[in-house]
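> My structure is below; once you've seen it, I'll send some questions.
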Amino acid sequence: MNKITHIARLRPLSSLHGLAHLLGYTPKGLASIVYGTPDSSKYNDFRIRKRSGGTRLISEPNDRLKLLQRRLANLLSECIDDIDSERRVTNSFAHGFRKKHSILTNASRHRRKRYVFNVDLHDFFGTVDFGRISGYLKKNKHFLLDERVARMLAQIACHNKVLPQGSPCSPVMANLIAHILDVRLARLAALHDCYYSRYADDLTFSTNRADFPSSIAKRVEDSNLWVAGKALEKIVSESRFQLNPSKTRMQLNRFRQDVTGIVVNSGINVRSEYQKTVRAMVHSLVTKGVFHIQKLHRDDKGAWVREKKEGTRAQLRGMLTFIDNVRLFEKTKRLPPDRAQDQRGQKGDPAEMDSATRTFRRFLMFTQFFHPEKPLILCEGKTDKVYIQCALRRLSTAYPLLSSKSATKTNIHVSFFNYTKIASRVLSLGGGTGDLNGLVATYGSEFAGFKSTTKRHPVILLVDNDEGTKGIFSAVKTRTKSTSPITGNEPYYHVADNLYVVSLPLVNSNMVTIENFFPKHVRDTKLNGKVFSGKNRFDAKNQYGKHVFAEQVIKKIQNAGDFSGFHDILMRIQAVLVVHSAKKP
């Protein structure tokens, strides 16, 4: 039986009613957002400074319109995939704002080339107006939409009759309109043994030919300046776009070549200056508690101005993640997708890490453990975090140090460790008791040189109280040099520095896992005829696992369910916060 595609659902629509239901709205709700809201209230217009000088207008949609535009963007992205599937081709030209595409896939097409030529499109979004969108959706052979539906989609996407910068819908809509440009430029490139790609408004051509084809770009007499060739200009103009001559550049392989910020001379890499700057920022953060970011931009008179601002942890983590992603992309580019993902989560040995990974590890050690922004809780598995969060929302008034209610939401005053591929590869923490044993045994050994100007929060390791936890109890006993056995009967155990271990309290002297603290009728919840299994291995035909239990059972009862069994657990966690706050910095 053939699957009904998204574009097959969109094509027959001829009214607001059908479109509303496809986007997940009632007709009245959709009409209210698009037609019932004054234009002045739909967007917040503001300007941001451009690095090259001048300002850029950003139009941020209100929350209701943004959600609608995001749904439309997802629908159009699925339609593009359907079109490619129908045509049995893969669009390898456009790399911006597409699933499984990025500045890395864009740059990788231009590795190890003699020439790399870049040119920008002027006012890329602003060139795509209401009439162009509605006309495309009505006449394009893959869409052929009813005129009323096409105009409605254009109305959702446009602000002041053009695609606005700031809308989640603008990139995918612009990619649709620019597809014919991509096809024609790819043909031009292939005709001259060149490679072509586009990332948003950034066009790149590259080749290993002895001479770069003059129809695409030509040198201005004997200077180092290059301009777009006539064939390139003609195609861009006929496709109803414009080139930006001020952002035209040719890069030769005897100098550094970069595409969308990625160095492509040999493999793809990050500029060495950038890596050194980020490493210095990490050093400043961990030794001084603060770092600064310097930005270079042109002022209103065209002069370059260097601006220095205090950076945030989130900004620095983003920079480190970017470097990490680039390096991983190069390492895994020839691996099948499943093996590439395994490589991203493969646990690393600190002794064998390269300089960039060691820098990332140092940052994570400082921000996650030495100086977390809130008290940090590490659970044995990913679902335990969901249980504790739901219990805190339900029981917030009883544990004011852990959570509190405001008029609109519950504010949780602790953070939870996320077991990600980065955590596994860089911190050697993938979840499970084996990794936690190692954390207890070596905790604090990498804090040398770390400094804090404010009081540090505790790190709390929350563990089950069953056979699998014996290894952690043994590690605690060894680390603390305790002469008494560690059984989990105590409310908490202080291991070292700001690390504490809290085990689940025994129930009637019986060993337990965290699911035992839910009432029996909750644990007996059936889903599609299946019963819950708290084991890692279970009969998938008749049972469901912890992830489904957390997402489809516990989250649904977090506002009204029975979480009374979690009182003893939350009391132990809050006790750690009390005793730690009483310690001297």
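Identifiers in the structure tokens: chain A, B, ... in order shown; residue index from 1 per chain; ligand index from 1 in order shown.
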Pick out the residues sitting within 9 Å of Val414 (chain A), and hand them over as a list in words; count only C-alpha atoms, and ignore anything fewer than 3 positions along from it in its own chain.

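The filter keeps Glu373, Lys374, Pro375, Leu376, Ile377, Leu401, Leu402 and Ser403 of chain A.
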
> List every residue of region 481-577 of chain A that DSSP, applied to the backbone of this structure, assigns to helix (DSSP H, G or I), and report them as number ranges by chain.

A: 514-517, 520-523, 546-557, 564-577

> If you count only C-alpha atoms, which residues fall within 7 Å of Gly311 (chain A), apart from same-chain ones fewer than 4 positions away, as a count of residues only?

4

> For each of A:Ala189, A:Ala150, A:Val386, A:Ala94, take the minimum atom-to-atom distance to Asn106 (chain A), counting only C-alpha atoms, then give the residue where this is smallest.

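Result for the nearest residue to Asn106 (chain A): A:Ala94.
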
> Between CA of Val34 (chain A) and CA of Leu153 (chain A), what is the spacing in Å?

9.9 Å

> Please identify which residues in region 22-116 of chain A DSSP calls strand (DSSP E) from the backbone, and express them as a list of chain:residue names.

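Put together, the selection reads A:Tyr43, A:Asn44, A:Asp45, A:Phe46, A:Arg47, A:Ile48, A:Arg49, A:Thr55, A:Arg56, A:Leu57, A:Ile58, A:Ser59, A:Glu60, A:Pro61, A:Tyr115, A:Val116.
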
> Can you tell me which residues surround Ile33 (chain A) at a distance of at most 9 Å, considering only C-alpha atoms, apart from same-chain residues fewer than 2 positions away, and format the answer as a PyMOL selection string?

chain A and resi 28-31+35-37+42+64-65+68+156
